[in-house]
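Colleague: Next up is a structure, given as structure tokens.
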Amino acid sequence: MTDQRSQAEIVRQSLKRRYRKERRFRAYGILAIGVALSALVILFTDIIGKGYTGFMKTSVTMEVSLDGDMMYLDDPTDSRQLKMADFVEPLVQALIKELPSATEQDRDDVRGLINPYASVTLRDALKENPDWLNTTRTMTFLSHTDVDVYVKHAGDAAYSIKLNDQQKAWADELLERGVIETSFNDTFFSGGDSRDPSKAGILGAIVGSLLTMFVTLILSFPIGVAAAIYLEEFAPQNKFTDFIEVNINNLAAVPSIIFGLLGLAVFINLFGMPRSVPVVGGLVLTLMTLPTIIISSRAAIKSVPPSIREAAEGVGASKMQVVLHHVLPLAMPGMLTGSIIGMAQALGETAPLLLIGMVAFIVDVPGGFFDSATVLPVQVFLWAGSPELAFIERASAAIMVLLTFLISMNALAIWMRKRLERRW
Amino acid sequence: MQPANLLLLTLVLAVVAYGLGYARSRSLAMPLGGIRHLKSLPFYYGARAALWSGIPALIVLGCWAAFQGKVIQLIIIGGLPPELIPETEGQASLLLSKISNVASGALPAGFVDAPIAEAAERLKALRGQSRMLMSALVVSVSVLAGFLGWLRIRPRLNARSQVESILKWLFFACAALAILTTVGIIFSVAFETFRFFGKVPFTEFIFGSQWSPQTALRADQVAAQGAFGMIPLFTGTLLISAIAMVVAVPVGLLSAIYLSEYANRKVRGVVKPLLEMLAGIPTVVYGFFAALTVAPFISDLAASIGIEASSQSALAAGAVMGIMIIPFVSSLSDDVINAVPQTLRDGSLALGATQSETMKKVIFPAALPGIMGGILLAVSRAIGETMIVVMAAGLAANLTANPLETVTTVTVQIVTLLTGDQEFDSAKTLAAFALGAMLFLSTLLLNVIALKIVRKYREQYD
């Protein structure tokens, strides 16, 4: 009797300690999830905080008198004259007129407020409308990147303001009068890369990404589905089939940079294909995403119940008819979901594309599959490596665009899984 | 014609062949009294004609498009006057890019020697000819084969079984592409690696403790003698992977345990997708975060407590890589924990153990082999990870175990050695392939071991 009681006593006494341990263990779990989720939150707030200003641009709107004598131009249709003419002078004069305290001596400082590309904008405007010569027009130009940084980040210690005090005073004055104003950065979405952060845009990279993804999709989806069908439905049980499966499983875990080496050695060196073009990028990404698509397609085929097959076979369908007419349509939603996830992976991939030369500085928006191009993640990489903080801001903004694409693709996949996939 | 347009044309021709084959089978069947006298449905006769017309043409097109670039390059090099013929591959590729620049008009012909300008003209002419020949060949193959296929349509022909067996072979070819890819990887890496070991002894590469790949490009250039010892790269890779594991394994494992044993359905439904979101973020974004936020934060923090930390510390890259790997570890552990039979759990709870005691003393030991396999897979992922280290770890090959110092990794060096450089025979570029070979072999080994463990473990409870 005493023995039993003492044992119960021991258990009772230890209960408190054991429950404490239980609570502690549970707290560790919550802590771990907290760490992971706070990393996610910090990552997002950091990128949004760094990059939201990238969606704003600073522009200067002023009355420019397009005086022919001042520009040494009397015929805007003559391309030689256009090349020689001075398009900076009217801009400087217009801005001096806006600034009562500025004189001819300050022209260099005044010029430092306008974007160096503003003269190109002015030239193109005159080329388009030759009759504007010798008139006065209200026009809008990009401000200098230094002004852009000053207007957006005047109080931020991380940014070094390159304007001098006089320029700062002018910028404040112009800002107050509405000559300088910030608006939505359409340049960011309508241009290619540039050496000047104010002019740099992601359209070139987005088009490059779309072209590359198109090549990847039209190759990897049919090939992946066909391979999955073969392995699930037709492959005999033998060593060779096992070998194929081992290969697919290993390829799924091979580091992506190895696929870049493969692309460099095979597509570029062996086949002599050009560097940095979407076709080669698409081929490399196809090889990389194929294992993902094959594995998810096989899972989709496996989930079609045998009763469907048996019913089709029972009414005399051949093996191929069973697969193509009955199994494939039922497995299609699952295959599509897997492919979207694979494509999202490919869209965010950078390393293999670096090796096949998609890191070049490319200003033009690519027009075809054989044009030099870069892709969105590589553009982020290029800008992130820049010492200029204005480019870092653009890189964060580009990341937001990239993440928007990825999140919507994944959301689409989840939606499809919920809506279209049938549970048996 | 451009290859892309030609591809479209081939597809159009295949569709035409389908239509013609379909029509012919019907018209053959009419006098016999309807399509029920055909061996197969008209669809299969059409499909057969389309496959006959399409497949050979596509094979010709693919081969031509793949090899024309190389063949044209060889012809151009061969046609140069003897004094200009390049001796090394590096010179050849420089010369070729010059010629193609002249041909595309990027470099005016007046700026280069006459033979180069001539070669550029020839290049333009050859490209035009090649394109024409390719178009002619592909179209004639398509039409001819399609016609043959169309001609051989008979009512007694079993078109369905033919179409099905062609399709089956096509499916097989797609599956076998995986083998081809592996073979391609092995050959492309092995070939250059052997050439590298012709220049740098194998023992020096494996056991050398100095890494400075700067070699003289020209004979008269003053440059350091390159050193190719991979030990500093290897230790750097291991250091960063170890830091990543220190972050990822406890966090991933504990969150998997919490989610599978404690959390209710609602919490799981919210937290799991959020964790998986971490896996969906592109690595370049993590690299950006590591290089521009975490690394400065760590070096500031270290400075404030009086320790010196490099602005590109191994710790920053490793910690962020760990965050990236968390969902990988947690989803693998989740699978393994869920695979432990419920009877073990029930038995332990029935004896009066608390949930955490059950977890620690029963489920965890049972799941351990599977968890180890998952961790090995995560290590292989960390070793092969590129963008985070390219952006946040440095280039200096220090042999150190201090996480606050700069280290470099195998992947960083591959990217650095291969971006920008055009020549393919210097020890520097070949070294990248040798590193690639090492990377491929080590990740392959880890994966094979890990998959074996995971599979064995699964069988144990099935």
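Each chain of the structure tokens is named A, B, ... in the order shown, its residues numbered from 1; ligands are numbered from 1 in display order.
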I need the chain A residues near chain B as a PyMOL selection string; criterion: at most 6 Å, counting only C-alpha atoms.
Modeller: chain A and resi 22+29+32-33+223+226-227+230+248+255+262+265+271-272+348+355
Colleague: Keeping only C-alpha atoms, take the residues you just selected and write them out as a short mmCIF file (atom, residue, chain, number, x, y, z; two decimals), in the first residue's frame.
Modeller:
data_model
loop_
_atom_site.label_atom_id
_atom_site.label_comp_id
_atom_site.auth_asym_id
_atom_site.auth_seq_id
_atom_site.Cartn_x
_atom_site.Cartn_y
_atom_site.Cartn_z
CA GLU A 22 5.25 20.79 -21.87
CA GLY A 29 7.36 25.88 -31.34
CA ALA A 32 10.15 29.13 -34.11
CA ILE A 33 7.08 30.03 -36.12
CA ILE A 223 7.60 17.64 -72.77
CA ALA A 226 4.52 13.59 -72.17
CA ALA A 227 7.33 12.30 -69.95
CA TYR A 230 5.16 7.70 -70.36
CA ILE A 248 14.68 12.93 -62.85
CA PRO A 255 21.87 23.33 -58.12
CA LEU A 262 25.35 23.16 -69.19
CA ALA A 265 28.98 24.54 -72.71
CA PHE A 271 25.93 24.86 -80.94
CA GLY A 272 27.30 28.38 -81.42
CA GLY A 348 12.58 34.13 -60.24
CA LEU A 355 26.36 32.34 -66.96
#
Colleague: Mind checking which residues fall within 8 Å of B:Gly21, counting only C-alpha atoms, ignoring those fewer than 5 positions away in the same chain, and posting them as a ChimeraX atom specification?
Modeller: /B:42,45-50,150,153
Colleague: Which residues come within 7 Å of A:Val284, counting only C-alpha atoms, excluding same-chain residues fewer than 5 positions away, as a PDB file with C-alpha atoms, in the first residue's frame?
Modeller:
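File produced: around26.pdb:
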ATOM      1  CA  PHE A 259      22.257  24.191 -65.563  1.00  0.00           C
ATOM      2  CA  GLY A 260      23.933  27.490 -66.414  1.00  0.00           C
ATOM      3  CA  GLY A 263      23.805  25.980 -71.215  1.00  0.00           C
TER       4      GLY A 263
END
Colleague: Report the residues of stretch 220-428 of chain B whose backbone DSSP state falls under helix (DSSP H, G or I), written as a PyMOL selection string.
Modeller: chain B and resi 231-262+265-280+283-304+314-339+342-350+355-384+387-392+410-418+427-428
Colleague: For A:Leu324, list every protein, DNA or RNA residue within 12 Å, evaluated using only C-alpha atoms, and leave out those in the same chain fewer than 5 positions away; present the list as a list in words.
Modeller: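 Here the answer would be Val225, Ala226, Ile229, Tyr230, Glu233, Ile301, Arg309, Ala312, Ala317, Ser318, Lys319, Pro329, Leu330, Ala331 and Met332 of chain A; Glu164, Leu167 and Lys168 of chain B.
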Colleague: Filtering to N, CA and C atoms, could you give me those residues as a PDB file, in the first residue's frame?
Modeller:
ATOM      1  N   VAL A 225       4.635  16.886 -69.556  1.00  0.00           N
ATOM      2  CA  VAL A 225       3.416  16.074 -69.496  1.00  0.00           C
ATOM      3  C   VAL A 225       3.633  14.754 -70.222  1.00  0.00           C
ATOM      4  N   ALA A 226       4.288  14.813 -71.401  1.00  0.00           N
ATOM      5  CA  ALA A 226       4.524  13.591 -72.166  1.00  0.00           C
ATOM      6  C   ALA A 226       5.397  12.628 -71.363  1.00  0.00           C
ATOM      7  N   ILE A 229       3.347  11.063 -68.630  1.00  0.00           N
ATOM      8  CA  ILE A 229       2.436  10.037 -69.153  1.00  0.00           C
ATOM      9  C   ILE A 229       3.203   8.754 -69.418  1.00  0.00           C
ATOM     10  N   TYR A 230       4.387   8.911 -70.056  1.00  0.00           N
ATOM     11  CA  TYR A 230       5.157   7.700 -70.362  1.00  0.00           C
ATOM     12  C   TYR A 230       5.492   6.942 -69.079  1.00  0.00           C
ATOM     13  N   GLU A 233       2.152   5.551 -67.347  1.00  0.00           N
ATOM     14  CA  GLU A 233       1.216   4.675 -68.054  1.00  0.00           C
ATOM     15  C   GLU A 233       1.872   3.622 -68.928  1.00  0.00           C
ATOM     16  N   ILE A 301      -1.496  12.435 -62.437  1.00  0.00           N
ATOM     17  CA  ILE A 301      -1.984  11.235 -63.130  1.00  0.00           C
ATOM     18  C   ILE A 301      -2.320  10.133 -62.123  1.00  0.00           C
ATOM     19  N   ARG A 309     -10.081   4.349 -65.588  1.00  0.00           N
ATOM     20  CA  ARG A 309      -9.347   3.565 -66.582  1.00  0.00           C
ATOM     21  C   ARG A 309     -10.087   2.282 -66.924  1.00  0.00           C
ATOM     22  N   ALA A 312     -13.112   2.826 -69.108  1.00  0.00           N
ATOM     23  CA  ALA A 312     -12.774   3.129 -70.500  1.00  0.00           C
ATOM     24  C   ALA A 312     -12.297   1.874 -71.204  1.00  0.00           C
ATOM     25  N   ALA A 317     -11.703   0.887 -75.289  1.00  0.00           N
ATOM     26  CA  ALA A 317     -10.717   1.895 -75.665  1.00  0.00           C
ATOM     27  C   ALA A 317      -9.317   1.283 -75.620  1.00  0.00           C
ATOM     28  N   SER A 318      -8.454   1.735 -76.522  1.00  0.00           N
ATOM     29  CA  SER A 318      -7.065   1.278 -76.466  1.00  0.00           C
ATOM     30  C   SER A 318      -6.376   2.010 -75.317  1.00  0.00           C
ATOM     31  N   LYS A 319      -5.186   1.515 -74.961  1.00  0.00           N
ATOM     32  CA  LYS A 319      -4.436   2.122 -73.845  1.00  0.00           C
ATOM     33  C   LYS A 319      -4.247   3.627 -74.074  1.00  0.00           C
ATOM     34  N   PRO A 329      -7.469  14.488 -69.471  1.00  0.00           N
ATOM     35  CA  PRO A 329      -8.345  15.619 -69.127  1.00  0.00           C
ATOM     36  C   PRO A 329      -8.597  15.726 -67.622  1.00  0.00           C
ATOM     37  N   LEU A 330      -8.703  14.565 -66.956  1.00  0.00           N
ATOM     38  CA  LEU A 330      -8.974  14.625 -65.519  1.00  0.00           C
ATOM     39  C   LEU A 330      -7.741  15.051 -64.735  1.00  0.00           C
ATOM     40  N   ALA A 331      -6.545  14.742 -65.275  1.00  0.00           N
ATOM     41  CA  ALA A 331      -5.332  15.105 -64.558  1.00  0.00           C
ATOM     42  C   ALA A 331      -4.875  16.521 -64.904  1.00  0.00           C
ATOM     43  N   MET A 332      -5.477  17.103 -65.948  1.00  0.00           N
ATOM     44  CA  MET A 332      -4.977  18.381 -66.459  1.00  0.00           C
ATOM     45  C   MET A 332      -4.908  19.502 -65.423  1.00  0.00           C
TER      46      MET A 332
ATOM     47  N   GLU B 164      -0.629   5.574 -82.515  1.00  0.00           N
ATOM     48  CA  GLU B 164      -0.398   5.351 -81.081  1.00  0.00           C
ATOM     49  C   GLU B 164       1.039   4.941 -80.808  1.00  0.00           C
ATOM     50  N   LEU B 167       3.211   8.001 -81.054  1.00  0.00           N
ATOM     51  CA  LEU B 167       3.033   8.832 -79.853  1.00  0.00           C
ATOM     52  C   LEU B 167       3.785   8.243 -78.670  1.00  0.00           C
ATOM     53  N   LYS B 168       3.700   6.913 -78.565  1.00  0.00           N
ATOM     54  CA  LYS B 168       4.367   6.266 -77.447  1.00  0.00           C
ATOM     55  C   LYS B 168       5.876   6.526 -77.499  1.00  0.00           C
TER      56      LYS B 168
END
Colleague: Quick one, how far is atom CA of A:Phe369 from atom CA of A:Met213?
Modeller: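 Taking atom CA of A:Phe369 and atom CA of A:Met213, their separation equals 10.8 Å.
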Colleague: Between atom CA of B:Thr358 and atom CA of B:Asn264, what distance in Å does the model show, to one decimal?
Modeller: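 Atom CA of B:Asn264 lies at a distance of 18.2 Å from atom CA of B:Thr358.
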Colleague: Might you pull out every residue within 12 Å of A:Lys83, with only C-alpha atoms counted and same-chain residues fewer than 4 positions away left off, and present them as a VMD selection string?
Modeller: chain A and resid 71 to 73 75 to 79 87 119 to 120 123 to 124 127
Colleague: Selection from above, N, CA and C atoms, as a CSV table (one decimal), in the first residue's frame, can you write it?
Modeller:
chain,number,residue,atom,x,y,z
A,71,MET,N,19.3,78.3,-80.0
A,71,MET,CA,19.7,76.9,-80.2
A,71,MET,C,20.5,76.6,-81.4
A,72,TYR,N,20.8,77.7,-82.2
A,72,TYR,CA,21.5,77.5,-83.5
A,72,TYR,C,20.8,76.5,-84.4
A,73,LEU,N,19.5,76.8,-84.5
A,73,LEU,CA,18.7,75.8,-85.3
A,73,LEU,C,17.7,76.7,-86.0
A,75,ASP,N,16.1,74.8,-88.9
A,75,ASP,CA,15.2,73.9,-89.6
A,75,ASP,C,15.2,72.5,-88.8
A,76,PRO,N,14.2,72.3,-88.0
A,76,PRO,CA,14.2,71.1,-87.2
A,76,PRO,C,14.1,69.8,-88.0
A,77,THR,N,13.8,69.9,-89.3
A,77,THR,CA,13.7,68.6,-90.1
A,77,THR,C,15.1,68.2,-90.6
A,78,ASP,N,16.0,69.1,-90.5
A,78,ASP,CA,17.4,68.7,-91.0
A,78,ASP,C,18.1,68.0,-89.9
A,79,SER,N,18.5,66.7,-90.1
A,79,SER,CA,19.0,65.9,-89.0
A,79,SER,C,20.4,66.4,-88.7
A,87,PHE,N,20.4,72.2,-77.3
A,87,PHE,CA,19.1,72.1,-76.7
A,87,PHE,C,19.1,72.3,-75.2
A,119,SER,N,17.5,67.4,-72.6
A,119,SER,CA,17.8,68.0,-73.9
A,119,SER,C,17.4,67.0,-75.0
A,120,VAL,N,17.5,65.7,-74.8
A,120,VAL,CA,17.1,64.7,-75.8
A,120,VAL,C,15.6,64.8,-76.0
A,123,ARG,N,14.8,67.7,-78.0
A,123,ARG,CA,15.2,67.5,-79.4
A,123,ARG,C,14.1,66.7,-80.1
A,124,ASP,N,13.7,65.6,-79.4
A,124,ASP,CA,12.7,64.7,-80.0
A,124,ASP,C,11.4,65.4,-80.2
A,127,LYS,N,11.7,67.5,-83.2
A,127,LYS,CA,11.7,66.7,-84.4
A,127,LYS,C,10.3,66.3,-84.8
Colleague: As a ChimeraX atom specification, please: the residues near stretch 139-141 of chain B (cut-off 7 Å, only C-alpha atoms, same-chain neighbours under 4 positions excluded).
Modeller: /B:56-57,135,145
Colleague: Would you please work out which residue, of B:Ala367, B:Val270, B:Val407, B:Ala316, is nearest to A:Leu37 when using only C-alpha atoms?
Modeller: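 The closest residue to A:Leu37 is B:Val270.
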Colleague: Would you please extract all strand (DSSP E or B) residues from stretch 184-408 of chain B, as assigned by DSSP on the backbone, and give them as a ChimeraX atom specification?
Modeller: /B:211-212,227-228
Colleague: Keeping only N, CA and C atoms, write the selected residues as a PDB file, in the first residue's frame.
Modeller:
ATOM      1  N   TRP B 211      43.818  30.516 -53.160  1.00  0.00           N
ATOM      2  CA  TRP B 211      42.949  30.689 -54.325  1.00  0.00           C
ATOM      3  C   TRP B 211      43.105  32.115 -54.814  1.00  0.00           C
ATOM      4  N   SER B 212      43.783  32.281 -55.940  1.00  0.00           N
ATOM      5  CA  SER B 212      43.798  33.606 -56.573  1.00  0.00           C
ATOM      6  C   SER B 212      43.904  33.381 -58.072  1.00  0.00           C
ATOM      7  N   ALA B 227      46.814  30.905 -58.456  1.00  0.00           N
ATOM      8  CA  ALA B 227      46.852  29.763 -57.551  1.00  0.00           C
ATOM      9  C   ALA B 227      45.452  29.167 -57.520  1.00  0.00           C
ATOM     10  N   PHE B 228      45.344  27.867 -57.705  1.00  0.00           N
ATOM     11  CA  PHE B 228      44.029  27.237 -57.777  1.00  0.00           C
ATOM     12  C   PHE B 228      43.879  26.159 -56.711  1.00  0.00           C
TER      13      PHE B 228
END
Colleague: Counting only C-alpha atoms, which residue out of A:Gln93, A:His153, A:Ala36, A:Ile258 sits closest to A:Gly49?
Modeller: A:His153
